[in-house]
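The structure appears right after this line, and notes come after that.
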Amino acid sequence: MNNQSFSPLSEKLMMFYLAAMITENARGYGLAMSTSPRLDLALKYTAFTTEILEYAKEVSRISIEQGWLEEPPHNPCRKIHLE
């Protein structure tokens, strides 16, 4: 019997899977909203999507704090190139 005191999966990998599941759920609700003829369901899907996106925001915040997400590219400083 193997007695491990550490997780075989890294926190970064688990956060990646969580982000993938959140993305898939948001996509599914968007698809359901666009194909459903019932307006009452569309309102429910919108509420669910808003709730899911709050989780996505938290996942992004944690990933940025941990240094797991790269900084987005920025425009180069134009003043340096003009001189």
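Simple scheme: letters A, B, ... for chains in structure tokens order, numbers from 1 for residues in each chain, numbers from 1 for ligands in the order shown.
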Just the residues within 12 Å of A:Thr49, please, counting only C-alpha atoms, with nothing from its chain fewer than 4 positions along; format it as a CSV table (one decimal) with N, CA, C and O atoms, in the first residue's frame.
chain,number,residue,atom,x,y,z
A,22,ILE,N,-15.6,25.6,-16.4
A,22,ILE,CA,-16.3,26.8,-16.4
A,22,ILE,C,-16.6,27.3,-17.8
A,22,ILE,O,-17.7,27.7,-18.2
A,23,THR,N,-15.6,27.2,-18.7
A,23,THR,CA,-15.8,27.7,-20.1
A,23,THR,C,-16.8,26.8,-20.8
A,23,THR,O,-17.6,27.3,-21.5
A,24,GLU,N,-16.7,25.5,-20.6
A,24,GLU,CA,-17.7,24.6,-21.2
A,24,GLU,C,-19.1,24.8,-20.7
A,24,GLU,O,-20.1,24.8,-21.5
A,25,ASN,N,-19.3,25.1,-19.4
A,25,ASN,CA,-20.6,25.4,-18.9
A,25,ASN,C,-21.2,26.7,-19.5
A,25,ASN,O,-22.3,26.8,-19.9
A,26,ALA,N,-20.3,27.7,-19.6
A,26,ALA,CA,-20.8,29.0,-20.1
A,26,ALA,C,-21.2,28.8,-21.6
A,26,ALA,O,-22.2,29.4,-22.1
A,27,ARG,N,-20.4,28.0,-22.3
A,27,ARG,CA,-20.7,27.7,-23.7
A,27,ARG,C,-22.0,27.0,-23.9
A,27,ARG,O,-22.8,27.3,-24.7
A,28,GLY,N,-22.2,26.0,-23.0
A,28,GLY,CA,-23.4,25.2,-23.0
A,28,GLY,C,-24.7,26.1,-22.8
A,28,GLY,O,-25.7,25.9,-23.5
A,29,TYR,N,-24.6,27.0,-21.8
A,29,TYR,CA,-25.7,27.8,-21.5
A,29,TYR,C,-25.9,28.8,-22.7
A,29,TYR,O,-27.1,29.2,-23.0
A,30,GLY,N,-24.9,29.3,-23.3
A,30,GLY,CA,-25.0,30.2,-24.4
A,30,GLY,C,-25.7,29.5,-25.6
A,30,GLY,O,-26.6,30.1,-26.2
A,31,LEU,N,-25.3,28.3,-25.8
A,31,LEU,CA,-26.0,27.5,-26.9
A,31,LEU,C,-27.4,27.2,-26.6
A,31,LEU,O,-28.3,27.4,-27.4
A,32,ALA,N,-27.7,26.9,-25.3
A,32,ALA,CA,-29.1,26.6,-24.9
A,32,ALA,C,-29.9,27.9,-25.1
A,32,ALA,O,-31.1,27.8,-25.5
A,33,MET,N,-29.3,29.0,-24.7
A,33,MET,CA,-30.1,30.3,-24.8
A,33,MET,C,-30.4,30.6,-26.2
A,33,MET,O,-31.5,31.1,-26.5
A,42,ALA,N,-34.5,31.5,-21.3
A,42,ALA,CA,-33.3,32.4,-21.7
A,42,ALA,C,-32.9,33.3,-20.5
A,42,ALA,O,-31.7,33.5,-20.3
A,43,LEU,N,-33.9,33.8,-19.7
A,43,LEU,CA,-33.6,34.6,-18.5
A,43,LEU,C,-32.9,33.7,-17.5
A,43,LEU,O,-31.9,34.2,-16.8
A,44,LYS,N,-33.3,32.5,-17.3
A,44,LYS,CA,-32.6,31.6,-16.4
A,44,LYS,C,-31.2,31.3,-16.8
A,44,LYS,O,-30.3,31.3,-16.0
A,45,TYR,N,-31.0,31.0,-18.1
A,45,TYR,CA,-29.7,30.7,-18.6
A,45,TYR,C,-28.8,32.0,-18.5
A,45,TYR,O,-27.6,31.8,-18.2
A,53,LEU,N,-19.7,33.1,-14.6
A,53,LEU,CA,-18.7,34.0,-14.9
A,53,LEU,C,-18.1,34.6,-13.7
A,53,LEU,O,-16.9,35.1,-13.7
A,54,GLU,N,-18.8,34.6,-12.6
A,54,GLU,CA,-18.2,35.1,-11.3
A,54,GLU,C,-17.1,34.1,-10.8
A,54,GLU,O,-16.1,34.5,-10.3
A,55,TYR,N,-17.4,32.8,-11.0
A,55,TYR,CA,-16.4,31.8,-10.7
A,55,TYR,C,-15.2,31.9,-11.7
A,55,TYR,O,-14.0,31.8,-11.2
A,56,ALA,N,-15.4,32.2,-12.9
A,56,ALA,CA,-14.3,32.4,-13.9
A,56,ALA,C,-13.4,33.6,-13.4
A,56,ALA,O,-12.2,33.6,-13.6
Report the distance between atom CA of A:Ser10 and atom CA of A:Val59 in Å, rounded to one decimal place. 15.1 Å
Within 8 Å of A:Trp68, counting only C-alpha atoms, which residues show up once you throw out same-chain ones fewer than 4 positions away? Write them as a count of residues only, please. 3
Selected residue, from A:Ser36, A:Leu41, A:Met15, A:Ala20, that lies nearest to A:Arg61 when counting only C-alpha atoms: A:Met15
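From atom CA of A:Gln66 back to atom CA of A:Ser5, the distance works out to 22.4 Å.
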Please return, as a PyMOL selection string, all residues of chain A that DSSP assigns to helix (DSSP H, G or I) on the basis of the backbone. chain A and resi 11-35+39-66+78-82
In Å to one decimal, how far is atom CA of A:Thr35 from atom CA of A:Ala47? 16.5 Å
